[in-house]
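Take a look at the structure set out below.
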Amino acid sequence: MPPSSAEGLPNVGRLLIVGLGNHTHPGTRHNVGMMAVDYSVGQLLPNPGAWRTSKAIGGWIAETVLDGTSVPGMSEGWARHVLFLKPKTYMNFSGGPVLKALRELDVSPSDIIVLHDDLERKLSGVSVKSSGSANGHNGLRSMIASLKADNFQRVRIGIDRPASKDPSAVGDYVLQRFTEPEMDKLKDVALPAAHATLMNLIRTSKGISG
C-alpha cells in the first residue's frame, strides 16, 4: 500500500485528480467521472476511510503518496503526492471547489487531471485530451472559467449519445441511471480502462514540487 502522507517528502511532485459528476444523482451517466475516481481510489487506497469531507474546499478528498513501490515501472526516488477531489457542488459549479483545491495543493492547472463523461464516445470508450475547450460539458466549462485556463488533462469516458440532439433530451439522458448491462460494462471495461489511463498520465506527469 502506498504511503498516505507527503510529510517528510518536500520535493514530491504534486497532482490534483478531479472526478466530475452530480453526487445527488448516483449511478447516472453524468456521474461517471466520480465513479471512475472512486474506482481509482479503491485501487490505490483500499480502506473505507480514504475519503473525507473538506468544507474549506467544498468536496470530498482523498490523498496519498505514490512511489516506485506502489507504481510498477517507476524508478527509485520517483514519487507523486496525489490529491483526489469529488466536488460537492452541482456539475455546473465544479470550478469553485477545483480552484480551492488547486490553491490548497499549490499547483497549476497543468497539474490537474480530470475524469468526466463524454457524449461523443461509445459507452465505455476511454480517451485523453490534454487541453482545449469544454466541448459543451458544463463541468469543464465551470472549471475553465474558474481557473482562467484550459491546459489541464482530461480522461474522457464514453456514455453514448441519445438519438435526439434536442438539448432537453440530452439533459434528460445524462441524468438517467445506467441500465444493469451498461453498469456491468462500466465495471468490467470502462472503469479499469480509465484507471489504467490515469495511472499512465500520473507516471508521465511532471508535477509541481516545492
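Each chain of the C-alpha cells is named A, B, ... in the order shown, its residues numbered from 1; ligands are numbered from 1 in display order.
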
For region 102-126 of chain A against region 168-192 of chain A, with a cut-off of 8 Å and counting only C-alpha atoms, what is the closest atom pair and its distance in Å to one decimal for every residue that makes the cut, ordered by chain and number, as a Markdown table?
```
| residue | atom | partner | partner_atom | distance |
| --- | --- | --- | --- | --- |
| A:Leu123 | CA | A:Glu182 | CA | 7.8 |
| A:Ser124 | CA | A:Ala190 | CA | 4.4 |
| A:Gly125 | CA | A:Ala190 | CA | 6.6 |
| A:Val126 | CA | A:Ala190 | CA | 6.8 |
```

Under the rule of at most 10 Å, produce a per-residue listing of region 146-165 of chain A near region 9-24 of chain A: chain, number, name, the closest pair of atoms, and the distance in Å, as a tab-separated table, using only C-alpha atoms.
```
residue	atom	partner	partner_atom	distance
A:Gln153	CA	A:Ile17	CA	9.7
A:Arg154	CA	A:Val18	CA	9.3
A:Val155	CA	A:Gly19	CA	9.6
```

Go ahead and dump the residues you just picked, C-alpha atoms, as a PDB file, in the first residue's frame.
```
ATOM      1  CA  GLN A 153      -5.599  16.924 -18.926  1.00  0.00           C
ATOM      2  CA  ARG A 154      -8.890  15.072 -19.262  1.00  0.00           C
ATOM      3  CA  VAL A 155      -9.723  11.371 -19.186  1.00  0.00           C
TER       4      VAL A 155
END
```

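Taking only region 69-204 of chain A, the residues that DSSP calls strand (DSSP E or B) from the backbone come to Ala79, Arg80, His81, Val82, Leu83, Phe84, Leu85, Lys86, Pro87, Ile112, Ile113, Val114, Leu115, His116, Asp117, Asp118, Val126, Ser127, Val128, Lys129, Gln153, Arg154, Val155, Arg156, Ile157, Gly158 and Arg177 of chain A.
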
Put those residues in a file: C-alpha atoms, as a CSV table (one decimal), in the first residue's frame.
```csv
chain,number,residue,atom,x,y,z
A,79,ALA,CA,7.1,9.9,-6.1
A,80,ARG,CA,3.9,11.9,-6.5
A,81,HIS,CA,1.7,13.5,-3.9
A,82,VAL,CA,-1.8,12.9,-5.3
A,83,LEU,CA,-5.0,14.6,-4.0
A,84,PHE,CA,-8.3,13.2,-5.3
A,85,LEU,CA,-11.3,15.5,-5.3
A,86,LYS,CA,-15.0,15.0,-5.9
A,87,PRO,CA,-16.7,18.4,-5.8
A,112,ILE,CA,-4.7,18.7,-12.9
A,113,ILE,CA,-6.2,15.5,-14.4
A,114,VAL,CA,-10.0,15.5,-14.7
A,115,LEU,CA,-12.1,12.4,-15.3
A,116,HIS,CA,-15.5,13.1,-16.9
A,117,ASP,CA,-18.4,11.7,-19.0
A,118,ASP,CA,-18.3,12.2,-22.8
A,126,VAL,CA,-11.8,6.0,-22.9
A,127,SER,CA,-9.6,8.7,-24.4
A,128,VAL,CA,-7.3,11.5,-23.3
A,129,LYS,CA,-7.4,15.2,-24.2
A,153,GLN,CA,-5.6,16.9,-18.9
A,154,ARG,CA,-8.9,15.1,-19.3
A,155,VAL,CA,-9.7,11.4,-19.2
A,156,ARG,CA,-12.9,11.2,-21.2
A,157,ILE,CA,-15.3,8.2,-20.5
A,158,GLY,CA,-17.9,7.5,-23.2
A,177,ARG,CA,-29.3,5.8,-14.4
```

So that I can check the secondary structure, give me every residue of region 96-138 of chain A assigned helix (DSSP H, G or I) by backbone DSSP, as a list in words.
Gly96, Pro97, Val98, Leu99, Lys100, Ala101, Leu102, Arg103, Glu104, Leu105, Pro109, Ser110, Asp111 and Asn138 of chain A

Rounded to one decimal place, report the CA of Pro26 (chain A)-CA of Trp60 (chain A) distance in Å.
14.7 Å

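The coordinates place CA of Ser131 (chain A) at 17.3 Å from CA of Ser94 (chain A).
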
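Reported to one decimal place, the separation of CA of Leu147 (chain A) from CA of Asp106 (chain A) is 13.0 Å.
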
Neighbouring residues of Val41 (chain A) were defined as those with any atom within 12 Å, considering only C-alpha atoms; residues of the same chain fewer than 2 positions away were excluded. Please report them as an mmCIF file with N, CA, C and O atoms, in the first residue's frame.
```cif
data_model
loop_
_atom_site.group_PDB
_atom_site.id
_atom_site.type_symbol
_atom_site.label_atom_id
_atom_site.label_comp_id
_atom_site.auth_asym_id
_atom_site.auth_seq_id
_atom_site.Cartn_x
_atom_site.Cartn_y
_atom_site.Cartn_z
ATOM 1 N N MET A 1 0.849 -1.192 0.000
ATOM 2 C CA MET A 1 0.000 0.000 0.000
ATOM 3 C C MET A 1 0.884 1.241 0.000
ATOM 4 O O MET A 1 1.883 1.302 0.714
ATOM 5 N N PRO A 2 0.543 2.287 -0.763
ATOM 6 C CA PRO A 2 1.363 3.477 -0.809
ATOM 7 C C PRO A 2 1.279 4.251 0.484
ATOM 8 O O PRO A 2 0.302 4.167 1.219
ATOM 9 N N SER A 4 0.500 7.329 2.944
ATOM 10 C CA SER A 4 -0.687 8.174 2.862
ATOM 11 C C SER A 4 -0.402 9.646 3.057
ATOM 12 O O SER A 4 -1.309 10.464 3.004
ATOM 13 N N ILE A 17 -6.304 15.262 -8.885
ATOM 14 C CA ILE A 17 -7.143 14.400 -9.719
ATOM 15 C C ILE A 17 -8.603 14.693 -9.378
ATOM 16 O O ILE A 17 -9.005 14.555 -8.226
ATOM 17 N N VAL A 18 -9.387 15.088 -10.380
ATOM 18 C CA VAL A 18 -10.773 15.509 -10.155
ATOM 19 C C VAL A 18 -11.732 14.561 -10.858
ATOM 20 O O VAL A 18 -11.562 14.247 -12.043
ATOM 21 N N GLY A 19 -12.751 14.124 -10.132
ATOM 22 C CA GLY A 19 -13.826 13.337 -10.733
ATOM 23 C C GLY A 19 -15.077 14.190 -10.801
ATOM 24 O O GLY A 19 -15.615 14.592 -9.764
ATOM 25 N N MET A 34 -17.061 10.743 -11.337
ATOM 26 C CA MET A 34 -16.922 10.433 -9.906
ATOM 27 C C MET A 34 -16.792 8.937 -9.678
ATOM 28 O O MET A 34 -16.040 8.481 -8.812
ATOM 29 N N MET A 35 -17.544 8.144 -10.444
ATOM 30 C CA MET A 35 -17.456 6.705 -10.327
ATOM 31 C C MET A 35 -16.036 6.227 -10.643
ATOM 32 O O MET A 35 -15.496 5.340 -9.967
ATOM 33 N N ALA A 36 -15.427 6.839 -11.656
ATOM 34 C CA ALA A 36 -14.069 6.446 -12.053
ATOM 35 C C ALA A 36 -13.050 6.800 -10.977
ATOM 36 O O ALA A 36 -12.129 6.023 -10.681
ATOM 37 N N VAL A 37 -13.206 7.978 -10.361
ATOM 38 C CA VAL A 37 -12.289 8.374 -9.290
ATOM 39 C C VAL A 37 -12.481 7.469 -8.072
ATOM 40 O O VAL A 37 -11.505 7.085 -7.412
ATOM 41 N N ASP A 38 -13.732 7.119 -7.773
ATOM 42 C CA ASP A 38 -13.977 6.171 -6.683
ATOM 43 C C ASP A 38 -13.262 4.850 -6.940
ATOM 44 O O ASP A 38 -12.675 4.256 -6.028
ATOM 45 N N TYR A 39 -13.310 4.394 -8.196
ATOM 46 C CA TYR A 39 -12.658 3.137 -8.549
ATOM 47 C C TYR A 39 -11.145 3.253 -8.338
ATOM 48 O O TYR A 39 -10.518 2.367 -7.735
ATOM 49 N N GLN A 43 -8.574 1.297 -5.725
ATOM 50 C CA GLN A 43 -7.407 0.512 -6.113
ATOM 51 C C GLN A 43 -6.149 0.942 -5.360
ATOM 52 O O GLN A 43 -5.294 0.125 -5.022
ATOM 53 N N LEU A 44 -6.032 2.244 -5.107
ATOM 54 C CA LEU A 44 -4.806 2.786 -4.533
ATOM 55 C C LEU A 44 -4.851 2.915 -3.016
ATOM 56 O O LEU A 44 -3.810 2.848 -2.353
ATOM 57 N N LEU A 45 -6.045 3.145 -2.476
ATOM 58 C CA LEU A 45 -6.202 3.279 -1.027
ATOM 59 C C LEU A 45 -7.367 2.395 -0.597
ATOM 60 O O LEU A 45 -8.467 2.893 -0.324
ATOM 61 N N PRO A 46 -7.165 1.093 -0.578
ATOM 62 C CA PRO A 46 -8.278 0.164 -0.321
ATOM 63 C C PRO A 46 -8.689 0.105 1.143
ATOM 64 O O PRO A 46 -8.590 -0.923 1.796
ATOM 65 N N ASN A 47 -9.147 1.243 1.656
ATOM 66 C CA ASN A 47 -9.674 1.252 3.021
ATOM 67 C C ASN A 47 -10.903 2.145 3.034
ATOM 68 O O ASN A 47 -10.982 3.138 2.298
ATOM 69 N N PRO A 48 -11.894 1.828 3.858
ATOM 70 C CA PRO A 48 -13.170 2.535 3.834
ATOM 71 C C PRO A 48 -13.092 3.992 4.267
ATOM 72 O O PRO A 48 -13.985 4.769 3.982
ATOM 73 N N GLY A 49 -12.007 4.387 4.942
ATOM 74 C CA GLY A 49 -11.895 5.764 5.400
ATOM 75 C C GLY A 49 -11.062 6.648 4.503
ATOM 76 O O GLY A 49 -10.599 7.714 4.940
ATOM 77 N N ALA A 50 -10.867 6.254 3.260
ATOM 78 C CA ALA A 50 -9.991 7.013 2.362
ATOM 79 C C ALA A 50 -10.529 8.419 2.090
ATOM 80 O O ALA A 50 -9.776 9.385 2.020
ATOM 81 N N TRP A 51 -11.857 8.521 1.908
ATOM 82 C CA TRP A 51 -12.463 9.818 1.585
ATOM 83 C C TRP A 51 -12.828 10.562 2.867
ATOM 84 O O TRP A 51 -13.286 9.962 3.832
ATOM 85 N N TRP A 60 -15.314 16.171 -1.403
ATOM 86 C CA TRP A 60 -14.689 15.031 -0.727
ATOM 87 C C TRP A 60 -13.278 14.877 -1.269
ATOM 88 O O TRP A 60 -13.051 14.960 -2.489
ATOM 89 N N ILE A 61 -12.313 14.642 -0.387
ATOM 90 C CA ILE A 61 -10.933 14.493 -0.823
ATOM 91 C C ILE A 61 -10.334 13.205 -0.263
ATOM 92 O O ILE A 61 -10.765 12.695 0.773
ATOM 93 N N ALA A 62 -9.375 12.693 -0.990
ATOM 94 C CA ALA A 62 -8.562 11.561 -0.536
ATOM 95 C C ALA A 62 -7.158 11.833 -1.052
ATOM 96 O O ALA A 62 -6.996 12.388 -2.140
ATOM 97 N N GLU A 63 -6.158 11.475 -0.285
ATOM 98 C CA GLU A 63 -4.799 11.747 -0.757
ATOM 99 C C GLU A 63 -3.846 10.637 -0.362
ATOM 100 O O GLU A 63 -4.061 9.905 0.591
ATOM 101 N N THR A 64 -2.795 10.555 -1.144
ATOM 102 C CA THR A 64 -1.771 9.547 -0.909
ATOM 103 C C THR A 64 -0.489 9.994 -1.587
ATOM 104 O O THR A 64 -0.478 10.945 -2.380
ATOM 105 N N LEU A 66 2.215 8.288 -4.034
ATOM 106 C CA LEU A 66 2.569 7.141 -4.870
ATOM 107 C C LEU A 66 4.067 7.162 -5.101
ATOM 108 O O LEU A 66 4.646 8.213 -5.379
ATOM 109 N N VAL A 82 -0.604 12.850 -4.489
ATOM 110 C CA VAL A 82 -1.825 12.933 -5.284
ATOM 111 C C VAL A 82 -3.012 13.245 -4.386
ATOM 112 O O VAL A 82 -3.255 12.547 -3.391
ATOM 113 N N LEU A 83 -3.745 14.295 -4.743
ATOM 114 C CA LEU A 83 -4.982 14.645 -4.049
ATOM 115 C C LEU A 83 -6.152 14.374 -4.993
ATOM 116 O O LEU A 83 -6.208 14.915 -6.093
ATOM 117 N N PHE A 84 -7.059 13.513 -4.571
ATOM 118 C CA PHE A 84 -8.268 13.216 -5.335
ATOM 119 C C PHE A 84 -9.401 14.098 -4.815
ATOM 120 O O PHE A 84 -9.546 14.290 -3.607
ATOM 121 N N LEU A 85 -10.228 14.602 -5.723
ATOM 122 C CA LEU A 85 -11.318 15.500 -5.347
ATOM 123 C C LEU A 85 -12.607 15.126 -6.060
ATOM 124 O O LEU A 85 -12.612 14.909 -7.281
ATOM 125 N N LYS A 86 -13.694 15.076 -5.304
ATOM 126 C CA LYS A 86 -15.049 14.992 -5.857
ATOM 127 C C LYS A 86 -15.798 16.241 -5.377
ATOM 128 O O LYS A 86 -16.127 16.342 -4.185
ATOM 129 N N LEU A 191 -14.216 1.426 -16.211
ATOM 130 C CA LEU A 191 -13.532 1.877 -15.003
ATOM 131 C C LEU A 191 -12.101 1.361 -14.916
ATOM 132 O O LEU A 191 -11.183 2.138 -14.602
ATOM 133 N N PRO A 192 -11.834 0.067 -15.228
ATOM 134 C CA PRO A 192 -10.433 -0.371 -15.262
ATOM 135 C C PRO A 192 -9.616 0.366 -16.327
ATOM 136 O O PRO A 192 -8.444 0.694 -16.093
ATOM 137 N N HIS A 195 -8.843 3.858 -15.121
ATOM 138 C CA HIS A 195 -7.805 3.805 -14.087
ATOM 139 C C HIS A 195 -6.429 3.589 -14.713
ATOM 140 O O HIS A 195 -5.458 4.260 -14.332
ATOM 141 N N LEU A 198 -5.395 6.815 -16.291
ATOM 142 C CA LEU A 198 -4.990 7.769 -15.256
ATOM 143 C C LEU A 198 -3.590 7.455 -14.744
ATOM 144 O O LEU A 198 -2.760 8.359 -14.593
ATOM 145 N N MET A 199 -3.314 6.197 -14.482
ATOM 146 C CA MET A 199 -2.005 5.831 -13.961
ATOM 147 C C MET A 199 -0.899 6.145 -14.965
ATOM 148 O O MET A 199 0.208 6.553 -14.581
#
```

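For the choices A:Lys100, A:Arg203, A:Lys55, A:Lys165, the atom-to-atom distance to Met143 (chain A) is smallest for A:Lys100 when using only C-alpha atoms.
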
Counting only C-alpha atoms, what is within 6 Å of Asn138 (chain A), bar same-chain residues fewer than 2 positions away, as a PDB file with all heavy atoms, in the first residue's frame?
```pdb
ATOM      1  N   ASN A  92     -22.491  22.175 -12.734  1.00  0.00           N
ATOM      2  CA  ASN A  92     -22.263  23.484 -13.349  1.00  0.00           C
ATOM      3  C   ASN A  92     -21.385  24.411 -12.515  1.00  0.00           C
ATOM      4  O   ASN A  92     -20.943  25.447 -13.005  1.00  0.00           O
ATOM      5  CB  ASN A  92     -23.600  24.185 -13.605  1.00  0.00           C
ATOM      6  CG  ASN A  92     -24.458  23.449 -14.607  1.00  0.00           C
ATOM      7  OD1 ASN A  92     -24.208  22.280 -14.905  1.00  0.00           O
ATOM      8  ND2 ASN A  92     -25.462  24.106 -15.128  1.00  0.00           N
ATOM      9  N   LEU A 140     -16.654  21.063 -17.182  1.00  0.00           N
ATOM     10  CA  LEU A 140     -15.403  21.579 -17.737  1.00  0.00           C
ATOM     11  C   LEU A 140     -15.497  23.073 -17.976  1.00  0.00           C
ATOM     12  O   LEU A 140     -14.533  23.813 -17.732  1.00  0.00           O
ATOM     13  CB  LEU A 140     -15.072  20.859 -19.044  1.00  0.00           C
ATOM     14  CG  LEU A 140     -14.756  19.361 -18.948  1.00  0.00           C
ATOM     15  CD1 LEU A 140     -14.518  18.792 -20.338  1.00  0.00           C
ATOM     16  CD2 LEU A 140     -13.549  19.105 -18.060  1.00  0.00           C
ATOM     17  N   ARG A 141     -16.651  23.525 -18.449  1.00  0.00           N
ATOM     18  CA  ARG A 141     -16.839  24.958 -18.682  1.00  0.00           C
ATOM     19  C   ARG A 141     -16.665  25.740 -17.384  1.00  0.00           C
ATOM     20  O   ARG A 141     -16.020  26.799 -17.359  1.00  0.00           O
ATOM     21  CB  ARG A 141     -18.230  25.213 -19.265  1.00  0.00           C
ATOM     22  CG  ARG A 141     -18.481  26.679 -19.615  1.00  0.00           C
ATOM     23  CD  ARG A 141     -19.870  26.889 -20.173  1.00  0.00           C
ATOM     24  NE  ARG A 141     -20.001  26.295 -21.499  1.00  0.00           N
ATOM     25  CZ  ARG A 141     -20.859  25.319 -21.794  1.00  0.00           C
ATOM     26  NH1 ARG A 141     -21.641  24.812 -20.862  1.00  0.00           N
ATOM     27  NH2 ARG A 141     -20.931  24.838 -23.021  1.00  0.00           N
TER      28      ARG A 141
END
```
